[in-house]
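Working notes, structure below.
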Amino acid sequence: MTKKMNAAPVLEQKRIEAIDMMRGLALLGILLANSMHFQFGLFLNPDIHSFYPLGMIDRLAEMFIVLFAQASFYTLFSFLFGYGMVLLKERLLQQELHYAPIYWRRMLILLIVGYVHGLFIWDGDILFTYAISGFILFFFLKLKDKGLLIWSIILLSLMAMSITSSGEDEYTASIDEQLMSYSVQEKEVLSQGSYSEVVSFRESTDPLGMGLLGEIITLVSAMISVLGMFLLGAFVARKKWLEDPNKYRGLIKRIWWITLLVGFPCKLAFLINSNIQTETLHSMIGGPIVAMFYASSIALLATTPKGNKLLQPLAYVGRLSLTNYLMQSIVFTSIFYGYGLDLFGKIGYFSGVLLVFGFFFIQIIVSRLWLKAFYIGPFEWFWRACTYLKLPKLKR
């Protein structure tokens, strides 16, 4: 019989450093991709925004973001989420804890944080979708290793198959018209509105013009992609490939080469010839495969002394992943929105990239200083306290 015990935090010496490095890199990539949306809105519409005030340098910055960041780092973050949930389950079972109630509380708290983040800070939130998908992941984690891999392939293939069904018709034209109307309103409220007006806009406006049905379709579509990466991460966690990457170096190298040679051409196709099919190829196939290229790259580099030292700053940010993710939203909406520094739609892609790297450098420094004084980040502390119904140790 499973008995109750006090949940112990992950000891620092037991952390998988490569995973923290991947989380840090994912946060940098997510901020790069989001920098386009922080300053130009959720739906990037060239008819109402001036993306390239610096001309070619802005266009090159956009290509850099699309090729190296867009669609790849949310998927890497999803992979790491699934990986982490397997580690959580294994750790709790080793401590002879009741796994299910702890897991459900963890997802419930994430759901609430995601809802608050999406409504009151930034509507590009991913935490709400992660939480909903996490509830479903609970049942998938009952599968054996092979089942996790098969279902991951099925779900990711469902998204990839949308390439063959994408096309122009009256329905998509109607959606485009609705999104244009939404983007015009969004530009006005985000550049000129007060904080309360921005929140009210999020509450009352329907981007797709389909009401609850549109929200359900959008959520389910996102969940299919997210769950596919969750399950892939769970499968890799079960296999322990990243706990001892030297042991599996040959396998990881093969994955590195395959993802390099397949992932980036899928993304380049979109840059060379932009249409619905190549956009779907870029986001649904290129994005996840390039995410695995980044994961395998870090797994290989982290096992070498020079590579480990080079990637160490990413680990500081990755250990405070929830805190740093939320802080990115708070700071960048304050920089771009009208109730803050009012830079919405004004600086272009290149300046946005410089701003991202500058702020991420600050996050590295602050994260390192924080970890010298505290064990975990403030939001991580809150999440853990609500999960285990016990105040964890914070100060060193």
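For the structure tokens, the naming scheme is as follows: chains receive sequential letters (A, B, ...) according to their order of presentation, residues are indexed from 1 within each chain, and ligands are indexed from 1 in presentation order.
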task: Write out as a list in words each polymer residue whose atoms come within 12 Å of Ile57 in chain A, counting only C-alpha atoms; drop sequence neighbours fewer than 2 positions from it.
output: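 So, after excluding close chain neighbours, the residues are Phe51, Tyr52, Pro53, Leu54, Gly55, Arg59, Leu60, Ala61, Glu62, Met63, Phe64, Gly348, Tyr349, Phe350, Ser351, Gly352, Val353 and Leu354 of chain A.
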Residues as selected, N, CA, C and O atoms, written as a PDB file, in the first residue's frame, can you do that?
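Printed below is again.pdb as written:
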```pdb
ATOM      1  N   PHE A  51       6.443  46.430 -40.408  1.00  0.00           N
ATOM      2  CA  PHE A  51       7.376  45.492 -39.795  1.00  0.00           C
ATOM      3  C   PHE A  51       8.842  45.895 -39.984  1.00  0.00           C
ATOM      4  O   PHE A  51       9.694  45.465 -39.225  1.00  0.00           O
ATOM      5  N   TYR A  52       9.138  46.697 -41.021  1.00  0.00           N
ATOM      6  CA  TYR A  52      10.533  46.873 -41.448  1.00  0.00           C
ATOM      7  C   TYR A  52      10.953  48.347 -41.497  1.00  0.00           C
ATOM      8  O   TYR A  52      11.362  48.849 -42.546  1.00  0.00           O
ATOM      9  N   PRO A  53      10.903  49.057 -40.376  1.00  0.00           N
ATOM     10  CA  PRO A  53      11.324  50.466 -40.406  1.00  0.00           C
ATOM     11  C   PRO A  53      12.795  50.633 -40.747  1.00  0.00           C
ATOM     12  O   PRO A  53      13.206  51.687 -41.237  1.00  0.00           O
ATOM     13  N   LEU A  54      13.624  49.593 -40.524  1.00  0.00           N
ATOM     14  CA  LEU A  54      15.053  49.658 -40.857  1.00  0.00           C
ATOM     15  C   LEU A  54      15.360  48.943 -42.166  1.00  0.00           C
ATOM     16  O   LEU A  54      16.525  48.682 -42.476  1.00  0.00           O
ATOM     17  N   GLY A  55      14.324  48.604 -42.917  1.00  0.00           N
ATOM     18  CA  GLY A  55      14.534  47.993 -44.230  1.00  0.00           C
ATOM     19  C   GLY A  55      15.059  46.565 -44.160  1.00  0.00           C
ATOM     20  O   GLY A  55      14.552  45.726 -43.421  1.00  0.00           O
ATOM     21  N   ARG A  59      14.187  42.798 -42.210  1.00  0.00           N
ATOM     22  CA  ARG A  59      13.780  41.590 -42.943  1.00  0.00           C
ATOM     23  C   ARG A  59      14.694  40.410 -42.596  1.00  0.00           C
ATOM     24  O   ARG A  59      14.235  39.280 -42.436  1.00  0.00           O
ATOM     25  N   LEU A  60      15.979  40.664 -42.461  1.00  0.00           N
ATOM     26  CA  LEU A  60      16.914  39.610 -42.076  1.00  0.00           C
ATOM     27  C   LEU A  60      16.643  39.139 -40.648  1.00  0.00           C
ATOM     28  O   LEU A  60      16.745  37.939 -40.348  1.00  0.00           O
ATOM     29  N   ALA A  61      16.286  40.083 -39.772  1.00  0.00           N
ATOM     30  CA  ALA A  61      15.948  39.716 -38.392  1.00  0.00           C
ATOM     31  C   ALA A  61      14.705  38.835 -38.357  1.00  0.00           C
ATOM     32  O   ALA A  61      14.634  37.861 -37.601  1.00  0.00           O
ATOM     33  N   GLU A  62      13.720  39.171 -39.205  1.00  0.00           N
ATOM     34  CA  GLU A  62      12.515  38.345 -39.287  1.00  0.00           C
ATOM     35  C   GLU A  62      12.855  36.934 -39.775  1.00  0.00           C
ATOM     36  O   GLU A  62      12.364  35.935 -39.219  1.00  0.00           O
ATOM     37  N   MET A  63      13.696  36.833 -40.788  1.00  0.00           N
ATOM     38  CA  MET A  63      14.100  35.522 -41.294  1.00  0.00           C
ATOM     39  C   MET A  63      14.831  34.726 -40.227  1.00  0.00           C
ATOM     40  O   MET A  63      14.636  33.508 -40.092  1.00  0.00           O
ATOM     41  N   PHE A  64      15.656  35.386 -39.452  1.00  0.00           N
ATOM     42  CA  PHE A  64      16.379  34.734 -38.353  1.00  0.00           C
ATOM     43  C   PHE A  64      15.404  34.153 -37.331  1.00  0.00           C
ATOM     44  O   PHE A  64      15.541  33.003 -36.907  1.00  0.00           O
ATOM     45  N   GLY A 348      10.312  47.707 -34.903  1.00  0.00           N
ATOM     46  CA  GLY A 348      10.706  46.737 -35.917  1.00  0.00           C
ATOM     47  C   GLY A 348      11.388  45.502 -35.353  1.00  0.00           C
ATOM     48  O   GLY A 348      11.740  45.437 -34.180  1.00  0.00           O
ATOM     49  N   TYR A 349      11.607  44.525 -36.231  1.00  0.00           N
ATOM     50  CA  TYR A 349      12.109  43.214 -35.801  1.00  0.00           C
ATOM     51  C   TYR A 349      13.531  43.251 -35.274  1.00  0.00           C
ATOM     52  O   TYR A 349      13.853  42.607 -34.277  1.00  0.00           O
ATOM     53  N   PHE A 350      14.415  43.977 -35.952  1.00  0.00           N
ATOM     54  CA  PHE A 350      15.824  43.963 -35.542  1.00  0.00           C
ATOM     55  C   PHE A 350      15.997  44.544 -34.142  1.00  0.00           C
ATOM     56  O   PHE A 350      16.682  43.954 -33.296  1.00  0.00           O
ATOM     57  N   SER A 351      15.383  45.681 -33.890  1.00  0.00           N
ATOM     58  CA  SER A 351      15.474  46.282 -32.560  1.00  0.00           C
ATOM     59  C   SER A 351      14.832  45.375 -31.511  1.00  0.00           C
ATOM     60  O   SER A 351      15.293  45.296 -30.371  1.00  0.00           O
ATOM     61  N   GLY A 352      13.769  44.678 -31.929  1.00  0.00           N
ATOM     62  CA  GLY A 352      13.134  43.728 -31.019  1.00  0.00           C
ATOM     63  C   GLY A 352      14.074  42.597 -30.642  1.00  0.00           C
ATOM     64  O   GLY A 352      14.121  42.162 -29.482  1.00  0.00           O
ATOM     65  N   VAL A 353      14.858  42.097 -31.619  1.00  0.00           N
ATOM     66  CA  VAL A 353      15.827  41.030 -31.348  1.00  0.00           C
ATOM     67  C   VAL A 353      16.902  41.517 -30.379  1.00  0.00           C
ATOM     68  O   VAL A 353      17.284  40.806 -29.429  1.00  0.00           O
ATOM     69  N   LEU A 354      17.419  42.740 -30.598  1.00  0.00           N
ATOM     70  CA  LEU A 354      18.412  43.294 -29.684  1.00  0.00           C
ATOM     71  C   LEU A 354      17.849  43.412 -28.273  1.00  0.00           C
ATOM     72  O   LEU A 354      18.537  43.114 -27.287  1.00  0.00           O
TER      73      LEU A 354
END
```
Spatial neighbours of range 225-236 of chain A, max dist 6 Å, only C-alpha atoms, sep filter under 5 positions, as a JSON list (two decimals) with N, CA, C and O atoms, in the first residue's frame:
```json
[["chain", "number", "residue", "atom", "x", "y", "z"],
["A", 78, "SER", "N", 7.41, 22.11, -24.62],
["A", 78, "SER", "CA", 6.41, 21.05, -24.44],
["A", 78, "SER", "C", 7.09, 19.70, -24.20],
["A", 78, "SER", "O", 6.68, 18.92, -23.34],
["A", 79, "PHE", "N", 8.12, 19.42, -24.98],
["A", 79, "PHE", "CA", 8.91, 18.20, -24.81],
["A", 79, "PHE", "C", 9.45, 18.12, -23.38],
["A", 79, "PHE", "O", 9.34, 17.07, -22.71],
["A", 80, "LEU", "N", 10.00, 19.22, -22.88],
["A", 80, "LEU", "CA", 10.58, 19.24, -21.54],
["A", 80, "LEU", "C", 9.51, 19.13, -20.46],
["A", 80, "LEU", "O", 9.75, 18.56, -19.39],
["A", 82, "GLY", "N", 6.68, 17.33, -20.71],
["A", 82, "GLY", "CA", 6.38, 15.90, -20.63],
["A", 82, "GLY", "C", 7.49, 15.14, -19.93],
["A", 82, "GLY", "O", 7.24, 14.23, -19.13],
["A", 83, "TYR", "N", 8.73, 15.50, -20.23],
["A", 83, "TYR", "CA", 9.88, 14.89, -19.58],
["A", 83, "TYR", "C", 9.80, 15.09, -18.06],
["A", 83, "TYR", "O", 9.98, 14.16, -17.28],
["A", 86, "VAL", "N", 7.22, 12.94, -16.10],
["A", 86, "VAL", "CA", 7.67, 11.57, -15.83],
["A", 86, "VAL", "C", 8.62, 11.55, -14.63],
["A", 86, "VAL", "O", 8.51, 10.69, -13.74],
["A", 145, "ASP", "N", 6.32, 2.25, -22.48],
["A", 145, "ASP", "CA", 7.18, 3.13, -23.29],
["A", 145, "ASP", "C", 6.76, 3.16, -24.75],
["A", 145, "ASP", "O", 6.65, 4.22, -25.37],
["A", 148, "LEU", "N", 3.69, 5.25, -25.43],
["A", 148, "LEU", "CA", 3.95, 6.69, -25.42],
["A", 148, "LEU", "C", 4.49, 7.15, -26.76],
["A", 148, "LEU", "O", 4.05, 8.18, -27.30],
["A", 152, "SER", "N", 2.58, 9.54, -29.48],
["A", 152, "SER", "CA", 3.26, 10.79, -29.84],
["A", 152, "SER", "C", 3.31, 10.93, -31.35],
["A", 152, "SER", "O", 3.00, 12.00, -31.90],
["A", 155, "LEU", "N", -0.26, 11.71, -32.78],
["A", 155, "LEU", "CA", -0.73, 13.07, -32.55],
["A", 155, "LEU", "C", 0.05, 14.08, -33.39],
["A", 155, "LEU", "O", -0.54, 15.01, -33.96],
["A", 156, "LEU", "N", 1.37, 13.91, -33.46],
["A", 156, "LEU", "CA", 2.16, 14.83, -34.27],
["A", 156, "LEU", "C", 1.85, 14.66, -35.76],
["A", 156, "LEU", "O", 1.86, 15.63, -36.52]]
```
message: Applying 8 Å and only C-alpha atoms, which residues near range 206-209 of chain A remain after dropping the ones on its own chain fewer than 6 positions away? List them as a ChimeraX atom specification.
response: /A:175,178-179,182
Save out the residues we just selected, C-alpha atoms, as a PDB file, in the first residue's frame.
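Everything below was put into part.pdb:
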```pdb
ATOM      1  CA  ILE A 175     -11.674  33.906 -41.180  1.00  0.00           C
ATOM      2  CA  GLN A 178     -12.458  38.463 -39.192  1.00  0.00           C
ATOM      3  CA  LEU A 179      -8.797  38.359 -38.122  1.00  0.00           C
ATOM      4  CA  TYR A 182      -9.678  41.889 -34.792  1.00  0.00           C
TER       5      TYR A 182
END
```
- request: May I have the residues within 9 Å of range 386-391 of chain A as a list in words, using only C-alpha atoms and disregarding those fewer than 5 positions away in the same chain?
  value: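 In the requested form, the answer reads Asn6, Ala7, Pro101, Ile102, Tyr103, Trp104, Arg105, Arg106, Met107, Leu108, Ile109 and Trp381 of chain A.
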Based on the selection just made, write N, CA, C and O atoms of those residues as a PDB file, in the first residue's frame.
```
ATOM      1  N   ASN A   6       6.295  13.236   3.448  1.00  0.00           N
ATOM      2  CA  ASN A   6       6.523  14.599   3.027  1.00  0.00           C
ATOM      3  C   ASN A   6       7.323  14.603   1.743  1.00  0.00           C
ATOM      4  O   ASN A   6       8.350  13.933   1.628  1.00  0.00           O
ATOM      5  N   ALA A   7       6.846  15.338   0.764  1.00  0.00           N
ATOM      6  CA  ALA A   7       7.535  15.388  -0.525  1.00  0.00           C
ATOM      7  C   ALA A   7       8.827  16.162  -0.383  1.00  0.00           C
ATOM      8  O   ALA A   7       8.848  17.277   0.109  1.00  0.00           O
ATOM      9  N   PRO A 101      -3.206  12.749  -6.494  1.00  0.00           N
ATOM     10  CA  PRO A 101      -3.669  14.051  -5.989  1.00  0.00           C
ATOM     11  C   PRO A 101      -2.630  15.150  -6.135  1.00  0.00           C
ATOM     12  O   PRO A 101      -2.978  16.310  -6.391  1.00  0.00           O
ATOM     13  N   ILE A 102      -1.356  14.801  -5.988  1.00  0.00           N
ATOM     14  CA  ILE A 102      -0.295  15.799  -6.150  1.00  0.00           C
ATOM     15  C   ILE A 102      -0.240  16.264  -7.598  1.00  0.00           C
ATOM     16  O   ILE A 102      -0.137  17.463  -7.879  1.00  0.00           O
ATOM     17  N   TYR A 103      -0.321  15.321  -8.527  1.00  0.00           N
ATOM     18  CA  TYR A 103      -0.291  15.657  -9.951  1.00  0.00           C
ATOM     19  C   TYR A 103      -1.469  16.549 -10.317  1.00  0.00           C
ATOM     20  O   TYR A 103      -1.294  17.575 -10.993  1.00  0.00           O
ATOM     21  N   TRP A 104      -2.680  16.206  -9.885  1.00  0.00           N
ATOM     22  CA  TRP A 104      -3.872  16.982 -10.239  1.00  0.00           C
ATOM     23  C   TRP A 104      -3.830  18.377  -9.635  1.00  0.00           C
ATOM     24  O   TRP A 104      -4.246  19.347 -10.270  1.00  0.00           O
ATOM     25  N   ARG A 105      -3.322  18.491  -8.404  1.00  0.00           N
ATOM     26  CA  ARG A 105      -3.189  19.831  -7.814  1.00  0.00           C
ATOM     27  C   ARG A 105      -2.188  20.660  -8.610  1.00  0.00           C
ATOM     28  O   ARG A 105      -2.392  21.860  -8.819  1.00  0.00           O
ATOM     29  N   ARG A 106      -1.115  20.023  -9.031  1.00  0.00           N
ATOM     30  CA  ARG A 106      -0.087  20.731  -9.801  1.00  0.00           C
ATOM     31  C   ARG A 106      -0.677  21.295 -11.095  1.00  0.00           C
ATOM     32  O   ARG A 106      -0.421  22.448 -11.464  1.00  0.00           O
ATOM     33  N   MET A 107      -1.467  20.487 -11.790  1.00  0.00           N
ATOM     34  CA  MET A 107      -2.078  20.948 -13.038  1.00  0.00           C
ATOM     35  C   MET A 107      -3.155  22.015 -12.769  1.00  0.00           C
ATOM     36  O   MET A 107      -3.309  22.958 -13.551  1.00  0.00           O
ATOM     37  N   LEU A 108      -3.892  21.855 -11.681  1.00  0.00           N
ATOM     38  CA  LEU A 108      -4.930  22.832 -11.358  1.00  0.00           C
ATOM     39  C   LEU A 108      -4.323  24.199 -11.076  1.00  0.00           C
ATOM     40  O   LEU A 108      -4.834  25.226 -11.557  1.00  0.00           O
ATOM     41  N   ILE A 109      -3.228  24.232 -10.323  1.00  0.00           N
ATOM     42  CA  ILE A 109      -2.560  25.503 -10.042  1.00  0.00           C
ATOM     43  C   ILE A 109      -2.024  26.113 -11.336  1.00  0.00           C
ATOM     44  O   ILE A 109      -2.145  27.319 -11.572  1.00  0.00           O
ATOM     45  N   TRP A 381       8.350  28.423  -6.113  1.00  0.00           N
ATOM     46  CA  TRP A 381       8.046  28.219  -4.688  1.00  0.00           C
ATOM     47  C   TRP A 381       6.528  28.194  -4.468  1.00  0.00           C
ATOM     48  O   TRP A 381       6.000  27.322  -3.762  1.00  0.00           O
TER      49      TRP A 381
END
```
- prompt: With only C-alpha atoms as the atoms that count, which of A:Met327, A:Ile272, A:Val116, A:Ala222 lies nearest to Gly377 in chain A?
  reply: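 Distance minimum relative to Gly377 in chain A lands on A:Met327.
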Would you kindly return, as a tab-separated table (two decimals) with all heavy atoms, in the first residue's frame, each protein, DNA or RNA residue with an atom no farther than 7 Å from any atom of Arg23 in chain A, considering only C-alpha atoms and excluding same-chain residues fewer than 4 positions away?
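Result written to around-v3.tsv:
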```
chain	number	residue	atom	x	y	z
A	19	ILE	N	18.83	19.25	-18.86
A	19	ILE	CA	17.42	19.64	-18.94
A	19	ILE	C	17.25	21.11	-18.57
A	19	ILE	O	16.49	21.85	-19.23
A	19	ILE	CB	16.57	18.74	-18.02
A	19	ILE	CG1	16.61	17.29	-18.49
A	19	ILE	CG2	15.12	19.23	-17.97
A	19	ILE	CD1	16.04	17.07	-19.87
A	27	LEU	N	13.45	29.19	-23.25
A	27	LEU	CA	12.94	30.48	-22.83
A	27	LEU	C	13.49	31.61	-23.70
A	27	LEU	O	12.77	32.57	-24.01
A	27	LEU	CB	13.28	30.73	-21.36
A	27	LEU	CG	12.43	29.93	-20.36
A	27	LEU	CD1	13.05	29.99	-18.97
A	27	LEU	CD2	11.00	30.46	-20.33
A	77	PHE	N	9.80	23.36	-25.29
A	77	PHE	CA	9.27	23.54	-23.94
A	77	PHE	C	8.23	22.46	-23.63
A	77	PHE	O	8.17	21.94	-22.51
A	77	PHE	CB	8.64	24.94	-23.82
A	77	PHE	CG	8.81	25.57	-22.48
A	77	PHE	CD1	10.05	25.65	-21.87
A	77	PHE	CD2	7.72	26.12	-21.81
A	77	PHE	CE1	10.21	26.26	-20.63
A	77	PHE	CE2	7.86	26.71	-20.57
A	77	PHE	CZ	9.11	26.80	-19.97
A	318	GLY	N	17.02	28.36	-16.77
A	318	GLY	CA	16.14	27.20	-16.84
A	318	GLY	C	15.66	26.70	-15.50
A	318	GLY	O	14.55	26.16	-15.39
A	321	SER	N	12.39	28.55	-14.59
A	321	SER	CA	11.71	28.66	-15.88
A	321	SER	C	10.35	29.34	-15.78
A	321	SER	O	10.01	30.20	-16.59
A	321	SER	CB	11.58	27.29	-16.53
A	321	SER	OG	10.91	26.38	-15.68
```
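CA of Lys253 in chain A lies 12.0 Å from CA of Trp241 in chain A.
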message: To one decimal place in Å, what is the distance between CA of Ala299 in chain A and CA of Met85 in chain A?
response: 19.1 Å
message: as number ranges by chain, please: every residue in range 145-207 of chain A that a backbone DSSP assignment puts in helix (DSSP H, G or I).
response: A: 145-160, 162-165, 170-192, 195-204
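Residue nearest Phe43 in chain A, chosen from A:Met284, A:Ser181, A:Ile365, A:Tyr115 and counting only C-alpha atoms: A:Ser181.
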